[in-house]
Every structure is written in structure tokens, then in C-alpha cells.
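Here is upload_20.txt, consisting of compact mmCIF, C-alpha atoms and all ligand atoms:
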# COMPACT_ATOMS: atom_id res chain seq x y z
CA MET A 1 26.37 -5.29 16.20
CA GLN A 2 24.53 -3.40 13.51
CA PHE A 3 22.07 -6.25 13.16
CA ASP A 4 21.13 -5.94 16.86
CA LEU A 5 20.61 -2.23 16.44
CA PHE A 6 18.26 -2.78 13.49
CA GLU A 7 16.37 -5.43 15.37
CA SER A 8 15.87 -3.37 18.52
CA THR A 9 14.66 -0.39 16.48
CA ALA A 10 12.26 -2.59 14.55
CA ASN A 11 11.08 -4.36 17.71
CA GLN A 12 10.24 -1.08 19.36
CA ILE A 13 8.13 -0.13 16.38
CA LEU A 14 6.52 -3.54 16.00
CA THR A 15 5.55 -3.76 19.67
CA ALA A 16 3.70 -0.44 19.60
CA PRO A 17 0.39 -0.74 21.48
CA SER A 18 -1.62 1.42 19.05
CA TYR A 19 -1.63 2.45 15.41
CA ASP A 20 -0.80 6.06 16.28
CA LEU A 21 2.22 5.01 18.33
CA PHE A 22 3.35 2.59 15.64
CA LYS A 23 3.26 5.41 13.12
CA GLN A 24 5.03 7.85 15.40
CA ARG A 25 7.76 5.34 16.27
CA LEU A 26 8.23 4.34 12.63
CA LYS A 27 8.45 7.93 11.40
CA GLU A 28 10.86 8.97 14.16
CA SER A 29 12.88 5.75 14.04
CA ASN A 30 15.60 6.56 11.54
CA CYS A 31 15.18 2.94 10.38
CA SER A 32 18.27 2.06 8.36
CA LYS A 33 17.63 -1.52 7.31
CA CYS A 34 17.96 -0.31 3.70
CA VAL A 35 21.10 1.83 3.92
CA LEU A 36 20.74 3.35 0.44
CA LEU A 37 17.12 4.39 0.95
CA ALA A 38 17.75 5.65 4.47
CA GLU A 39 20.59 7.92 3.31
CA ALA A 40 18.55 9.57 0.56
CA ARG A 41 15.13 9.94 2.15
CA HIS A 42 13.55 13.03 3.71
CA ASN A 43 10.73 11.12 5.39
CA ILE A 44 9.65 7.61 6.22
CA VAL A 45 6.17 7.47 4.68
CA ALA A 46 3.89 5.40 6.90
CA ASP A 47 0.54 5.97 5.19
CA ARG A 48 -2.21 8.42 4.28
CA GLY A 49 -5.84 8.24 5.30
CA ASN A 50 -7.87 6.66 8.06
CA PRO A 51 -6.66 3.61 10.06
CA ASN A 52 -10.30 2.94 11.06
CA SER A 53 -11.12 2.04 7.49
CA ASN A 54 -12.28 -1.37 6.32
CA ILE A 55 -10.54 -0.74 3.00
CA VAL A 56 -6.75 -0.61 2.66
CA LEU A 57 -4.97 0.31 -0.57
CA ILE A 58 -1.38 -0.81 -1.10
CA GLY A 59 0.93 0.86 -3.63
CA GLU A 60 4.61 0.43 -4.39
CA ALA A 61 6.80 3.02 -2.67
CA PRO A 62 6.88 6.77 -2.05
CA GLY A 63 7.88 9.04 -4.91
CA GLU A 64 9.41 12.51 -4.69
CA ASN A 65 6.33 14.35 -3.40
CA GLU A 66 5.54 11.62 -0.89
CA ASP A 67 9.13 11.66 0.37
CA LEU A 68 9.03 15.43 0.84
CA GLN A 69 5.58 15.57 2.45
CA GLY A 70 5.78 12.32 4.45
CA LEU A 71 2.41 11.15 3.10
CA ALA A 72 1.52 8.34 0.68
CA PHE A 73 0.15 9.09 -2.80
CA VAL A 74 0.19 12.89 -2.79
CA GLY A 75 1.79 13.38 -6.23
CA ARG A 76 0.15 13.08 -9.67
CA ALA A 77 -0.62 9.38 -9.24
CA GLY A 78 -2.16 10.18 -5.86
CA GLN A 79 -4.36 12.91 -7.30
CA LEU A 80 -5.64 10.47 -9.90
CA LEU A 81 -6.20 7.86 -7.18
CA ASP A 82 -8.25 10.44 -5.24
CA LYS A 83 -10.45 11.00 -8.32
CA ILE A 84 -10.85 7.31 -9.04
CA MET A 85 -11.96 6.60 -5.47
CA ALA A 86 -14.21 9.68 -5.39
CA SER A 87 -16.02 8.24 -8.44
CA ILE A 88 -17.38 5.51 -6.15
CA GLY A 89 -18.02 7.91 -3.26
CA LEU A 90 -14.84 7.23 -1.27
CA ASP A 91 -12.65 9.99 0.13
CA THR A 92 -9.03 8.78 0.31
CA ASN A 93 -8.30 10.85 3.43
CA LYS A 94 -11.46 10.02 5.40
CA ASP A 95 -12.69 6.65 4.16
CA LEU A 96 -9.58 4.69 3.17
CA LEU A 97 -6.10 3.87 4.42
CA ILE A 98 -3.30 4.00 1.84
CA LEU A 99 -0.05 2.10 2.42
CA ASN A 100 2.99 1.12 0.38
CA VAL A 101 5.10 -2.04 0.12
CA VAL A 102 8.17 0.06 0.96
CA LYS A 103 8.10 3.15 3.22
CA CYS A 104 11.13 5.02 1.85
CA ARG A 105 11.63 6.44 -1.64
CA PRO A 106 13.82 4.31 -3.91
CA PRO A 107 16.29 6.34 -6.03
CA ASP A 108 14.86 7.59 -9.34
CA ASN A 109 11.52 6.02 -8.40
CA ARG A 110 12.76 2.55 -9.36
CA ALA A 111 10.80 -0.44 -8.09
CA PRO A 112 11.87 -1.60 -4.63
CA LYS A 113 14.42 -4.43 -4.66
CA PRO A 114 13.42 -7.78 -3.12
CA ASP A 115 15.63 -7.21 -0.04
CA GLU A 116 14.13 -3.73 0.49
CA ALA A 117 10.60 -5.12 0.28
CA ALA A 118 11.56 -7.93 2.66
CA HIS A 119 13.07 -5.49 5.20
CA CYS A 120 9.94 -3.36 5.16
CA PHE A 121 7.40 -6.21 5.06
CA PRO A 122 7.05 -6.59 8.86
CA TYR A 123 5.82 -2.96 9.02
CA LEU A 124 3.19 -3.60 6.38
CA GLN A 125 2.17 -6.82 8.12
CA TRP A 126 1.83 -4.96 11.41
CA GLN A 127 -0.39 -2.37 9.76
CA LEU A 128 -2.62 -5.01 8.17
CA SER A 129 -2.94 -7.06 11.33
CA HIS A 130 -3.90 -4.02 13.44
CA VAL A 131 -6.18 -2.27 10.98
CA LYS A 132 -7.93 -5.55 10.11
CA PRO A 133 -9.36 -4.41 6.78
CA LYS A 134 -12.16 -6.36 5.07
CA VAL A 135 -10.82 -5.50 1.61
CA VAL A 136 -7.22 -4.87 0.48
CA VAL A 137 -6.76 -3.25 -2.91
CA LEU A 138 -3.37 -4.00 -4.47
CA LEU A 139 -2.30 -1.18 -6.77
CA GLY A 140 -0.09 -2.53 -9.53
CA ALA A 141 2.43 -5.27 -10.15
CA THR A 142 4.80 -4.51 -7.25
CA ALA A 143 2.06 -4.84 -4.62
CA ALA A 144 0.83 -8.01 -6.36
CA LYS A 145 4.33 -9.49 -6.46
CA HIS A 146 4.95 -9.03 -2.75
CA LEU A 147 1.49 -9.82 -1.40
CA MET A 148 0.73 -12.69 -3.77
CA PRO A 149 4.17 -14.36 -4.20
CA ASP A 150 2.53 -17.70 -5.14
CA GLN A 151 1.22 -16.11 -8.32
CA LYS A 152 4.50 -14.59 -9.46
CA ASP A 153 4.27 -16.32 -12.85
CA LYS A 154 1.00 -14.60 -13.70
CA GLY A 155 0.97 -11.14 -15.30
CA MET A 156 -1.20 -8.16 -14.40
CA LYS A 157 -3.40 -8.64 -17.48
CA GLU A 158 -4.56 -12.06 -16.34
CA ARG A 159 -5.51 -10.94 -12.85
CA VAL A 160 -6.40 -7.24 -12.85
CA GLY A 161 -9.95 -6.50 -11.69
CA GLN A 162 -10.20 -9.87 -9.93
CA PHE A 163 -10.79 -10.66 -6.25
CA PHE A 164 -8.56 -13.12 -4.38
CA ASP A 165 -8.39 -14.92 -1.04
CA LEU A 166 -4.89 -15.32 0.37
CA PRO A 167 -4.04 -18.09 2.86
CA HIS A 168 -2.14 -15.77 5.23
CA TYR A 169 -5.03 -13.31 5.48
CA PRO A 170 -8.22 -15.19 6.33
CA GLY A 171 -11.40 -13.13 6.07
CA VAL A 172 -9.77 -10.48 3.88
CA LYS A 173 -10.68 -10.06 0.20
CA PHE A 174 -7.90 -8.83 -2.09
CA LEU A 175 -8.62 -6.93 -5.31
CA LEU A 176 -5.93 -6.24 -7.89
CA LEU A 177 -6.13 -2.90 -9.73
CA TYR A 178 -3.83 -1.08 -12.10
CA HIS A 179 -1.45 1.35 -10.44
CA PRO A 180 -2.66 4.93 -11.10
CA ALA A 181 0.80 5.84 -12.47
CA TYR A 182 0.21 3.22 -15.17
CA ILE A 183 -3.09 4.92 -16.09
CA LEU A 184 -1.24 8.25 -16.32
CA ARG A 185 1.22 6.64 -18.73
CA ASP A 186 -1.51 4.91 -20.75
CA PRO A 187 -4.82 6.79 -20.42
CA ARG A 188 -6.49 4.29 -22.80
CA LYS A 189 -6.69 2.01 -19.74
CA LYS A 190 -8.97 4.46 -17.90
CA PRO A 191 -12.33 2.88 -18.84
CA GLU A 192 -11.05 -0.55 -17.76
CA MET A 193 -9.80 0.89 -14.46
CA TRP A 194 -13.19 2.49 -13.83
CA GLU A 195 -14.95 -0.83 -14.46
CA HIS A 196 -12.66 -2.53 -11.95
CA VAL A 197 -13.27 0.19 -9.36
CA LYS A 198 -17.02 -0.22 -9.82
CA GLY A 199 -16.37 -3.87 -8.97
CA LEU A 200 -15.07 -2.72 -5.57
CA LYS A 201 -18.24 -0.70 -4.95
CA ARG A 202 -20.44 -3.66 -5.97
CA TYR A 203 -18.51 -6.00 -3.67
CA MET A 204 -18.84 -3.59 -0.73
CA GLU A 205 -22.60 -3.26 -1.31
CA GLN A 206 -23.11 -6.98 -1.77
CA GLU A 207 -21.18 -7.82 1.43
CA HIS A 208 -22.60 -4.82 3.37
CA ILE A 209 -19.10 -3.46 3.97
CA THR A 210 -19.01 0.15 5.08
CA ALA A 211 -15.86 2.20 4.50
CA LEU A 212 -15.42 2.90 8.21
CA LYS A 213 -15.62 0.43 11.10
N1 LIG B 1 3.32 5.55 -6.04
C1 LIG B 1 3.21 4.64 -5.06
O1 LIG B 1 3.20 3.44 -5.32
N2 LIG B 1 3.11 5.06 -3.82
C2 LIG B 1 3.06 6.34 -3.50
O2 LIG B 1 2.94 6.65 -2.32
C3 LIG B 1 3.16 7.27 -4.54
C4 LIG B 1 3.29 6.87 -5.80
Take the structure in the file and write it out as C-alpha cells.
Amino acid sequence: MQFDLFESTANQILTAPSYDLFKQRLKESNCSKCVLLAEARHNIVADRGNPNSNIVLIGEAPGENEDLQGLAFVGRAGQLLDKIMASIGLDTNKDLLILNVVKCRPPDNRAPKPDEAAHCFPYLQWQLSHVKPKVVVLLGATAAKHLMPDQKDKGMKERVGQFFDLPHYPGVKFLLLYHPAYILRDPRKKPEMWEHVKGLKRYMEQEHITALK
């Protein structure tokens, strides 16, 4: 019985005819596929930014501030992300769309569990297939793990700063960056992060990709 209820809620969201309606239905849905996360959350965090962007950023999951405000990356990591993107002339609210692998805050900011990521994945897939970005920036190991499952044996170090093509997303370039929370924990990684971000700017220029459609 419960399964049917979950499915009909999810179907209503996933059959939304526009991004705005998808977001509204998701946020108002009281989705409870992940019982633990549903019980503790204040908000389902759909995104932050502009769904008309050619550039989508994917993080891990909402933290405390995101859960309270209902917006992705608005805490300390988000403020750093804003600065990093501003360094290449991109405004996170106007020029980019920021998503997460999981839309509800995991307790104590732990990484989402595989079943939580799997429950939430159809929402992320819907967002990617409707926004149709030209570049997807994966922020950190959790985004890499769930978007690039074929490479699960490879660590961040081997792949960070690199561009990838993924078979399920033809025509989309993926770039792996450090998660901004990692840079907050280890500021020595800042120069490397900035080099990688400049790589994004270079790629956009080379391919004549504008931030907005
Ligand atoms: N970290 C994330 O991965 N996502 C957020 O929205 C905030 C912090």
C-alpha cells in the first residue's frame, strides 16, 4: 500500500509539464521515500539558481542552513561556492543552476546512503533532462559516486579537474571539482580548485557556451 502511495506522489512530480511545476510539486509533496530524512527535514531542497542555465552544479545533500531556508548551498560552503564562481564571472543565482544528489538533509550532515540516493535519483534525472545543460559540474566525491558509478574504484585525486563524457548523457560534458566544504576544511587546496575552475571558463570559451540559453 505504502509503495503505491510513494509511486503516485513521485509520478505526479515526475510528470510535471514545466520546471516550475516540478519544483512546486516536489517541495509541496511531503515525499517520504526516505522515512528518516522525511521525518527530520524542514524543507525539501529542490535547487538554487536559474533553470535556464547551460551549466548545472551538483553537490551532495542539503545541510542545516539549506534545510531551514529551502535553498541549495546557502551555508558556508555555498558562500565559498559563490566566490569561486564569481572569480570566473558567474553569478550562482543568475547564471547557474545548483542541485544536489539528495534533496533532504541527512542527519548530522552524513553522506547520503545508497538507498537514499537511489530514491532521489529520478528527481535529479528529471531536472537534468529538462534543463538540458551543456556542462555539469560534479562537486565532490558523493556527486561523482552517484553520477559516475562506473568509476567507483577511482579516487577524487585521480579525476579532479578533468572533463568526462558519460554514456547516459550524450552531448553533456561533466567536470569533477572538489566540494567547497572540502576546501573549507583544507584551504591549502584553494589554488588547485581555482585552476580547475579556470578550466571551466576555458572550456566554455572554447566551445562558445554561454551561461544562459
Ligand atoms: N553541501 C552540499 O553538498 N549541498 C548543499 O546544498 C549544501 C552543502
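Restricting the atom set to all atoms listed in the file, one finds that the residues within 7 Å of ligand LIG 1 (chain B) amount to Gly59, Glu60, Ala61, Pro62, Gly63, Glu66, Ala72, Phe73, Val74, Gly75, Ala77, Gly78, Asn100 and Ala181 of chain A.
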- Given only C-alpha atoms as the counted atoms, nearest of A:Leu176, A:Gly171, A:Pro17, A:Val135 to A:Ser53: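 Under the stated criterion, the closest residue is A:Val135.
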- Give me the residues within 12 Å of A:Glu192 as number ranges by chain, counting all atoms listed in the file and dropping any in the same chain fewer than 5 places off. A: 84, 157, 160-161, 177-178, 183, 186-187, 197-199
Would you compute an axis-aligned box for stretch 87-100 of chain A, covering every atom listed for it in the file with 5 Å of margin on each side, and report centre and edge lengths in Å to one decimal as AutoDock Vina command-line options?
--center_x -7.5 --center_y 6.0 --center_z -1.5 --size_x 31.0 --size_y 19.7 --size_z 23.8
Would you list the contacts of A:Cys120 as a PDB file with C-alpha atoms, in the coordinates of the input, taking every protein, DNA or RNA residue within 12 Å and counting all atoms listed in the file, but skipping same-chain residues closer than 6 positions in sequence?
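File produced: part.pdb:
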ATOM      1  CA  PHE A   6      18.260  -2.780  13.490  1.00  0.00           C
ATOM      2  CA  ALA A  10      12.260  -2.590  14.550  1.00  0.00           C
ATOM      3  CA  ILE A  13       8.130  -0.130  16.380  1.00  0.00           C
ATOM      4  CA  LEU A  14       6.520  -3.540  16.000  1.00  0.00           C
ATOM      5  CA  LEU A  26       8.230   4.340  12.630  1.00  0.00           C
ATOM      6  CA  CYS A  31      15.180   2.940  10.380  1.00  0.00           C
ATOM      7  CA  SER A  32      18.270   2.060   8.360  1.00  0.00           C
ATOM      8  CA  LYS A  33      17.630  -1.520   7.310  1.00  0.00           C
ATOM      9  CA  CYS A  34      17.960  -0.310   3.700  1.00  0.00           C
ATOM     10  CA  LEU A  37      17.120   4.390   0.950  1.00  0.00           C
ATOM     11  CA  ALA A  38      17.750   5.650   4.470  1.00  0.00           C
ATOM     12  CA  ILE A  44       9.650   7.610   6.220  1.00  0.00           C
ATOM     13  CA  VAL A  45       6.170   7.470   4.680  1.00  0.00           C
ATOM     14  CA  ALA A  46       3.890   5.400   6.900  1.00  0.00           C
ATOM     15  CA  GLU A  60       4.610   0.430  -4.390  1.00  0.00           C
ATOM     16  CA  ALA A  61       6.800   3.020  -2.670  1.00  0.00           C
ATOM     17  CA  LEU A  99      -0.050   2.100   2.420  1.00  0.00           C
ATOM     18  CA  ASN A 100       2.990   1.120   0.380  1.00  0.00           C
ATOM     19  CA  VAL A 101       5.100  -2.040   0.120  1.00  0.00           C
ATOM     20  CA  VAL A 102       8.170   0.060   0.960  1.00  0.00           C
ATOM     21  CA  LYS A 103       8.100   3.150   3.220  1.00  0.00           C
ATOM     22  CA  CYS A 104      11.130   5.020   1.850  1.00  0.00           C
ATOM     23  CA  PRO A 112      11.870  -1.600  -4.630  1.00  0.00           C
ATOM     24  CA  LYS A 113      14.420  -4.430  -4.660  1.00  0.00           C
ATOM     25  CA  PRO A 114      13.420  -7.780  -3.120  1.00  0.00           C
ATOM     26  CA  TRP A 126       1.830  -4.960  11.410  1.00  0.00           C
ATOM     27  CA  GLN A 127      -0.390  -2.370   9.760  1.00  0.00           C
ATOM     28  CA  HIS A 146       4.950  -9.030  -2.750  1.00  0.00           C
TER      29      HIS A 146
END
- Give as number ranges by chain every residue, naming chains and numbers as the document does, that has an atom within 8 Å of (-14.3, -8.3, 1.7), counting all atoms listed in the file. A: 134-136, 171-174, 203-204, 207, 209
- Message: Just the number, please: distance in Å from atom CA of A:Lys27 to atom CA of A:His42, one decimal.
- Response: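 Straight-line distance from atom CA of A:Lys27 to atom CA of A:His42 works out to 10.5 Å.
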- With only C-alpha atoms as the atoms that count, which of A:Ala211, A:Leu175, A:Ala16, A:Met193 lies nearest to A:Leu81?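 Looking at the shortest contact to A:Leu81, the residue is A:Met193.
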- Item | Pick from A:Met148, A:Glu205, A:Asn54, A:Arg48, whichever lies nearest to A:Asp165 using only C-alpha atoms |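 The shortest atom-to-atom distance to A:Asp165 comes from A:Met148.
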- Do you have the atom CA of A:Asp153-atom CA of A:Leu139 distance handy? 17.6 Å
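Our summary of the geometry notes that atom CA of A:Gly155 is positioned 22.2 Å from atom CA of A:Val56.
Closest approach to A:Pro106 among A:Arg41, A:Lys23, A:Lys201, A:Lys132 is made by A:Arg41 (distances from all atoms listed in the file).
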- Message: From the options A:Leu147, A:Leu90, A:Leu166, A:Met156, which residue's atoms come nearest to A:Ile58, counting only C-alpha atoms?
- Response: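 The shortest atom-to-atom distance to A:Ile58 comes from A:Leu147.
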- Using only C-alpha atoms: which of A:Arg76, A:His168, A:Arg105, A:His196 has the shortest distance to A:Ala40: A:Arg105
Using the partial input, fill out stretch 65-76 of chain A with all heavy atoms; write the result as an mmCIF file, in the coordinates of the input.
data_model
loop_
_atom_site.group_PDB
_atom_site.id
_atom_site.type_symbol
_atom_site.label_atom_id
_atom_site.label_comp_id
_atom_site.auth_asym_id
_atom_site.auth_seq_id
_atom_site.Cartn_x
_atom_site.Cartn_y
_atom_site.Cartn_z
ATOM 1 N N ASN A 65 7.248 13.538 -4.213
ATOM 2 C CA ASN A 65 6.330 14.350 -3.400
ATOM 3 C C ASN A 65 6.026 13.690 -2.064
ATOM 4 O O ASN A 65 5.941 14.349 -1.029
ATOM 5 C CB ASN A 65 5.010 14.573 -4.157
ATOM 6 C CG ASN A 65 5.229 15.450 -5.360
ATOM 7 O OD1 ASN A 65 5.553 16.613 -5.232
ATOM 8 N ND2 ASN A 65 5.092 14.866 -6.539
ATOM 9 N N GLU A 66 5.852 12.369 -2.114
ATOM 10 C CA GLU A 66 5.540 11.620 -0.890
ATOM 11 C C GLU A 66 6.709 11.709 0.083
ATOM 12 O O GLU A 66 6.533 11.898 1.288
ATOM 13 C CB GLU A 66 5.243 10.153 -1.242
ATOM 14 C CG GLU A 66 3.952 9.929 -2.013
ATOM 15 C CD GLU A 66 4.039 10.289 -3.493
ATOM 16 O OE1 GLU A 66 5.166 10.410 -4.015
ATOM 17 O OE2 GLU A 66 2.971 10.464 -4.125
ATOM 18 N N ASP A 67 7.922 11.589 -0.456
ATOM 19 C CA ASP A 67 9.130 11.660 0.370
ATOM 20 C C ASP A 67 9.240 13.034 1.035
ATOM 21 O O ASP A 67 9.586 13.146 2.213
ATOM 22 C CB ASP A 67 10.351 11.384 -0.520
ATOM 23 C CG ASP A 67 11.658 11.552 0.226
ATOM 24 O OD1 ASP A 67 11.809 10.938 1.296
ATOM 25 O OD2 ASP A 67 12.526 12.306 -0.259
ATOM 26 N N LEU A 68 8.905 14.075 0.278
ATOM 27 C CA LEU A 68 9.030 15.430 0.840
ATOM 28 C C LEU A 68 7.933 15.727 1.845
ATOM 29 O O LEU A 68 8.156 16.380 2.859
ATOM 30 C CB LEU A 68 9.006 16.472 -0.293
ATOM 31 C CG LEU A 68 10.243 16.471 -1.200
ATOM 32 C CD1 LEU A 68 10.059 17.405 -2.383
ATOM 33 C CD2 LEU A 68 11.491 16.860 -0.413
ATOM 34 N N GLN A 69 6.713 15.252 1.569
ATOM 35 C CA GLN A 69 5.580 15.570 2.450
ATOM 36 C C GLN A 69 5.365 14.540 3.562
ATOM 37 O O GLN A 69 4.604 14.790 4.507
ATOM 38 C CB GLN A 69 4.296 15.692 1.637
ATOM 39 C CG GLN A 69 4.314 16.870 0.676
ATOM 40 C CD GLN A 69 2.979 17.002 -0.047
ATOM 41 O OE1 GLN A 69 1.920 16.876 0.542
ATOM 42 N NE2 GLN A 69 3.041 17.253 -1.344
ATOM 43 N N GLY A 70 5.954 13.356 3.420
ATOM 44 C CA GLY A 70 5.780 12.320 4.450
ATOM 45 C C GLY A 70 4.414 11.665 4.401
ATOM 46 O O GLY A 70 3.959 11.091 5.400
ATOM 47 N N LEU A 71 3.746 11.736 3.239
ATOM 48 C CA LEU A 71 2.410 11.150 3.100
ATOM 49 C C LEU A 71 2.348 10.328 1.810
ATOM 50 O O LEU A 71 2.942 10.729 0.791
ATOM 51 C CB LEU A 71 1.353 12.249 3.009
ATOM 52 C CG LEU A 71 1.013 12.986 4.299
ATOM 53 C CD1 LEU A 71 0.204 14.237 3.989
ATOM 54 C CD2 LEU A 71 0.244 12.065 5.256
ATOM 55 N N ALA A 72 1.593 9.226 1.850
ATOM 56 C CA ALA A 72 1.520 8.340 0.680
ATOM 57 C C ALA A 72 0.608 8.924 -0.400
ATOM 58 O O ALA A 72 -0.428 9.533 -0.087
ATOM 59 C CB ALA A 72 1.000 6.961 1.096
ATOM 60 N N PHE A 73 0.982 8.733 -1.641
ATOM 61 C CA PHE A 73 0.150 9.090 -2.800
ATOM 62 C C PHE A 73 -0.355 10.531 -2.754
ATOM 63 O O PHE A 73 -1.560 10.779 -2.744
ATOM 64 C CB PHE A 73 -1.035 8.110 -2.927
ATOM 65 C CG PHE A 73 -0.685 6.836 -3.650
ATOM 66 C CD1 PHE A 73 -0.377 5.683 -2.933
ATOM 67 C CD2 PHE A 73 -0.646 6.781 -5.026
ATOM 68 C CE1 PHE A 73 -0.044 4.500 -3.596
ATOM 69 C CE2 PHE A 73 -0.319 5.605 -5.702
ATOM 70 C CZ PHE A 73 -0.014 4.458 -4.982
ATOM 71 N N VAL A 74 0.568 11.472 -2.736
ATOM 72 C CA VAL A 74 0.190 12.890 -2.790
ATOM 73 C C VAL A 74 0.674 13.567 -4.077
ATOM 74 O O VAL A 74 0.451 14.755 -4.273
ATOM 75 C CB VAL A 74 0.672 13.689 -1.555
ATOM 76 C CG1 VAL A 74 -0.126 13.323 -0.321
ATOM 77 C CG2 VAL A 74 2.167 13.487 -1.325
ATOM 78 N N GLY A 75 1.339 12.815 -4.954
ATOM 79 C CA GLY A 75 1.790 13.380 -6.230
ATOM 80 C C GLY A 75 0.714 13.196 -7.304
ATOM 81 O O GLY A 75 -0.466 13.059 -6.986
ATOM 82 N N ARG A 76 1.124 13.182 -8.565
ATOM 83 C CA ARG A 76 0.150 13.080 -9.670
ATOM 84 C C ARG A 76 -0.634 11.772 -9.609
ATOM 85 O O ARG A 76 -1.839 11.756 -9.827
ATOM 86 C CB ARG A 76 0.887 13.182 -11.009
ATOM 87 C CG ARG A 76 1.131 14.615 -11.413
ATOM 88 C CD ARG A 76 1.762 14.666 -12.792
ATOM 89 N NE ARG A 76 0.817 14.283 -13.839
ATOM 90 C CZ ARG A 76 1.141 13.546 -14.911
ATOM 91 N NH1 ARG A 76 2.355 13.105 -15.068
ATOM 92 N NH2 ARG A 76 0.245 13.275 -15.817
#
